[in-house]
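Undergrad: Encoded as structure tokens, here's the structure I'll be asking about.
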Amino acid sequence: MKLFIHDFELQQSQLNQLLKEDSEEDLQKWISTLQPADLSLLIEETLVAEDQFRIFQNITDRRDKLEVLGFIEGDAAQHLAEHIKPSDLVEIVDDMASDEAVDFLDELPFEISQKILQTLPVESASELRELGRYEEGTAGALITTDFLACSETTTISELLTELRNNATEIETLDTGFILTENDKIIGIFNFKDLFSQEEDKAVKNYMDEDYVYGQVNNSEEEILNLFNYHSL
């Protein structure tokens with residue numbers, strides 16, 4: 001813990017110096033060495049709203065930008081939302097992982113979050129509204145809709161083709177779900193187990209129907225205990 005505090009204080013000192021020197025190139029290079037969680041904390045601890053936005057703007061990796069917004073809490077989220085162009089903000093929220101987008105919108109004033117939702121594509125807005133209805137501290141507040149899934153008739157070859165086109169939109173690739181036409185889960189599969197199988201075979205042939213699950217209204221603690229108990 002002492003090491004973490006020492007590192008953060010050092011990062012703050014380095015950041016403040018770079019902000020004073022007014023060199024965007026040096027600031028960008030330094031920012032590129034940090035993790036999104038560190039950057040979000042540094043933004044939150046920066047007192048001037050314009051400097052918060054300046055730090056964010058100098059994050060050159062778009063994925064890092066999306067992650068930073070997923071971590072941001074408090075007034076810093078509102079300050080960034082007020083400085084980012086509305087059209088860019090909508091595009092950014094649409095590109096974020098669904099669970100992180102909900103967390104970010106929750107940090108914004110109601111009128112700003114509603115304006116973003118009204119401007120998003122209908123499908124994206126509907127998804128975020130659905131996820132946003134779960135209470136903080138429940139499993140529903142932690143879930144994502146960006147998961148690996150296929151139908152009962154999907155072959156391994158078809159799944160691999162789909163992944164080549166859309167893998168960046170899926171949050172985790174280790175476990176996948178077999179769904180009916182009504183989106184009911186009938187089994188799960190381990191993605192790495194498919195590589196040694198014939199590609200013309202249906203993914204369904206390699207699913208596990210005896211899987212562990214929780215309910216959206218379970219508490220975070222209940223879900224954590226469930227994971228620990230089953231060594232997931």
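Following the order of the structure tokens, chains are lettered A, B, ..., residues in each are numbered from 1, and ligands are numbered from 1.
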Step one, run DSSP on the backbone; step two, keep only residues of segment 129-163 of chain A assigned to strand (DSSP E); then write them as a list in words.

TA: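 Listing strand (DSSP E) positions across segment 129-163 of chain A yields Phe147, Leu148, Ala149, Cys150 and Ser151 of chain A.
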
Undergrad: Which residues of segment 9-66 of chain A come within 6 Å of segment 74-90 of chain A, and what is each one's closest atom pair and distance in Å (one decimal), counting only C-alpha atoms, sorted by chain and residue number, as CSV?

TA:
```
residue,atom,partner,partner_atom,distance
A:Glu44,CA,A:Ala76,CA,5.3
A:Ala49,CA,A:His79,CA,5.8
A:Phe53,CA,A:Leu80,CA,5.7
```

Undergrad: Which is closest to Phe177 of chain A among A:Asp146, A:Glu220, A:Glu199, A:Glu45, if we use only C-alpha atoms?

TA: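 Using only C-alpha atoms, the shortest distance to Phe177 of chain A belongs to A:Asp146.
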
Undergrad: DSSP on the backbone, then: every residue of segment 18-136 of chain A marked helix (DSSP H, G or I), written as a PyMOL selection string.

TA: chain A and resi 18-21+24-31+36-45+49-57+62-71+75-83+86-95+98-106+110-119+122-132

Undergrad: Just the selected residues (C-alpha atoms), exported as a short mmCIF file (atom, residue, chain, number, x, y, z; two decimals), in the first residue's frame, please.

TA:
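Saved to selection-v9.cif:
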```
data_model
loop_
_atom_site.label_atom_id
_atom_site.label_comp_id
_atom_site.auth_asym_id
_atom_site.auth_seq_id
_atom_site.Cartn_x
_atom_site.Cartn_y
_atom_site.Cartn_z
CA LEU A 18 4.17 18.62 -17.37
CA LEU A 19 1.00 20.70 -17.19
CA LYS A 20 3.08 23.73 -16.26
CA GLU A 21 5.61 23.16 -19.06
CA GLU A 24 1.62 18.49 -25.46
CA GLU A 25 4.16 16.10 -26.98
CA ASP A 26 5.88 15.45 -23.65
CA LEU A 27 2.51 15.13 -21.91
CA GLN A 28 1.31 12.58 -24.48
CA LYS A 29 4.47 10.50 -24.15
CA TRP A 30 4.19 10.45 -20.37
CA ILE A 31 0.49 9.61 -20.42
CA PRO A 36 -6.20 3.73 -17.53
CA ALA A 37 -7.01 3.23 -13.82
CA ASP A 38 -4.04 5.46 -12.88
CA LEU A 39 -5.05 8.09 -15.42
CA SER A 40 -8.63 8.21 -14.17
CA LEU A 41 -7.44 8.75 -10.60
CA LEU A 42 -5.03 11.47 -11.70
CA ILE A 43 -7.84 13.22 -13.60
CA GLU A 44 -10.13 13.01 -10.57
CA GLU A 45 -7.42 14.51 -8.34
CA ALA A 49 -11.55 21.22 -15.10
CA GLU A 50 -9.64 22.46 -18.16
CA ASP A 51 -6.58 20.49 -17.05
CA GLN A 52 -8.73 17.37 -16.55
CA PHE A 53 -9.90 17.66 -20.15
CA ARG A 54 -6.37 18.37 -21.36
CA ILE A 55 -5.13 15.15 -19.78
CA PHE A 56 -8.00 13.22 -21.34
CA GLN A 57 -7.42 14.75 -24.78
CA ARG A 62 -8.77 5.24 -28.02
CA ARG A 63 -9.25 2.05 -25.98
CA ASP A 64 -7.48 3.70 -23.05
CA LYS A 65 -9.81 6.69 -23.40
CA LEU A 66 -12.86 4.43 -23.19
CA GLU A 67 -11.45 2.62 -20.15
CA VAL A 68 -10.62 5.88 -18.40
CA LEU A 69 -14.21 7.06 -18.74
CA GLY A 70 -15.35 3.71 -17.35
CA PHE A 71 -13.25 4.36 -14.22
CA ASP A 75 -17.29 15.75 -10.63
CA ALA A 76 -14.51 14.78 -13.05
CA ALA A 77 -17.00 12.78 -15.16
CA GLN A 78 -19.25 15.82 -15.48
CA HIS A 79 -16.33 18.12 -16.28
CA LEU A 80 -15.16 15.85 -19.09
CA ALA A 81 -18.67 15.47 -20.46
CA GLU A 82 -19.05 19.26 -20.55
CA HIS A 83 -15.78 19.74 -22.45
CA PRO A 86 -21.59 16.39 -27.87
CA SER A 87 -21.24 14.38 -31.09
CA ASP A 88 -17.90 12.95 -29.93
CA LEU A 89 -19.35 12.15 -26.50
CA VAL A 90 -22.21 10.16 -28.02
CA GLU A 91 -19.77 8.26 -30.23
CA ILE A 92 -17.51 7.51 -27.27
CA VAL A 93 -20.39 6.21 -25.10
CA ASP A 94 -21.59 4.05 -27.99
CA ASP A 95 -18.11 2.53 -28.31
CA SER A 98 -22.02 -1.57 -22.06
CA ASP A 99 -21.38 -1.97 -18.32
CA GLU A 100 -18.73 0.77 -18.33
CA ALA A 101 -21.00 3.10 -20.34
CA VAL A 102 -23.74 2.66 -17.72
CA ASP A 103 -21.28 3.47 -14.92
CA PHE A 104 -20.15 6.61 -16.75
CA LEU A 105 -23.70 7.80 -17.43
CA ASP A 106 -24.57 7.25 -13.76
CA PHE A 110 -29.57 13.42 -15.26
CA GLU A 111 -30.15 15.95 -18.05
CA ILE A 112 -26.76 15.23 -19.65
CA SER A 113 -27.10 11.44 -19.46
CA GLN A 114 -30.64 11.62 -20.91
CA LYS A 115 -29.49 13.82 -23.78
CA ILE A 116 -26.78 11.27 -24.62
CA LEU A 117 -29.28 8.39 -24.46
CA GLN A 118 -31.69 10.27 -26.72
CA THR A 119 -28.95 10.78 -29.31
CA VAL A 122 -32.04 3.18 -30.55
CA GLU A 123 -30.63 -0.30 -29.90
CA SER A 124 -27.67 1.01 -27.88
CA ALA A 125 -29.83 3.38 -25.84
CA SER A 126 -32.33 0.62 -25.06
CA GLU A 127 -29.54 -1.68 -23.90
CA LEU A 128 -28.04 0.95 -21.60
CA ARG A 129 -31.43 1.86 -20.14
CA GLU A 130 -32.07 -1.82 -19.41
CA LEU A 131 -28.73 -2.24 -17.64
CA GLY A 132 -29.13 1.06 -15.81
#
```

Undergrad: Which residue is closest to Cys150 of chain A? Choose from A:Lys192, A:Arg133, A:Lys204, A:Arg164 and count only C-alpha atoms.

TA: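 That would be A:Lys204, the residue with the smallest distance to Cys150 of chain A.
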
Undergrad: How many Å separate atom CA of Ser151 of chain A from atom CA of Ile186 of chain A?

TA: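 Those two atoms sit 9.8 Å apart.
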
Undergrad: How many Å separate atom CA of Ile72 of chain A from atom CA of Leu148 of chain A?

TA: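 Going from atom CA of Ile72 of chain A over to atom CA of Leu148 of chain A covers 26.5 Å.
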
Undergrad: Just how far from atom CA of Ile178 of chain A is atom CA of Thr154 of chain A, in Å to one decimal?

TA: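 Separation between atom CA of Thr154 of chain A and atom CA of Ile178 of chain A: 9.0 Å.
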
Undergrad: Skipping near chain neighbours, those fewer than 4 positions away, what residues fall within 12 Å of Tyr213 of chain A using only C-alpha atoms, listed as a PyMOL selection string?

TA: chain A and resi 139+185-188+209+218+222-227+230+232

Undergrad: Which residue out of A:Glu169, A:Asp210, A:Asp200, A:Glu152 has the minimum interatomic distance to Met96 of chain A when only C-alpha atoms are used?

TA: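 Nearest to Met96 of chain A: A:Glu169.
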
Undergrad: Of the residues A:Pro121, A:Gly176, A:Gly140, A:Pro109, which is the one nearest to Gln215 of chain A, using only C-alpha atoms?

TA: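 Nearest candidate to Gln215 of chain A out of A:Pro121, A:Gly176, A:Gly140, A:Pro109: A:Gly140.
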
Undergrad: Considering only C-alpha atoms, state which residue in the set A:Thr46, A:Thr180, A:Ser23, A:Asn217 is at the smallest distance from Ile143 of chain A.

TA: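 Distance minimum relative to Ile143 of chain A lands on A:Asn217.
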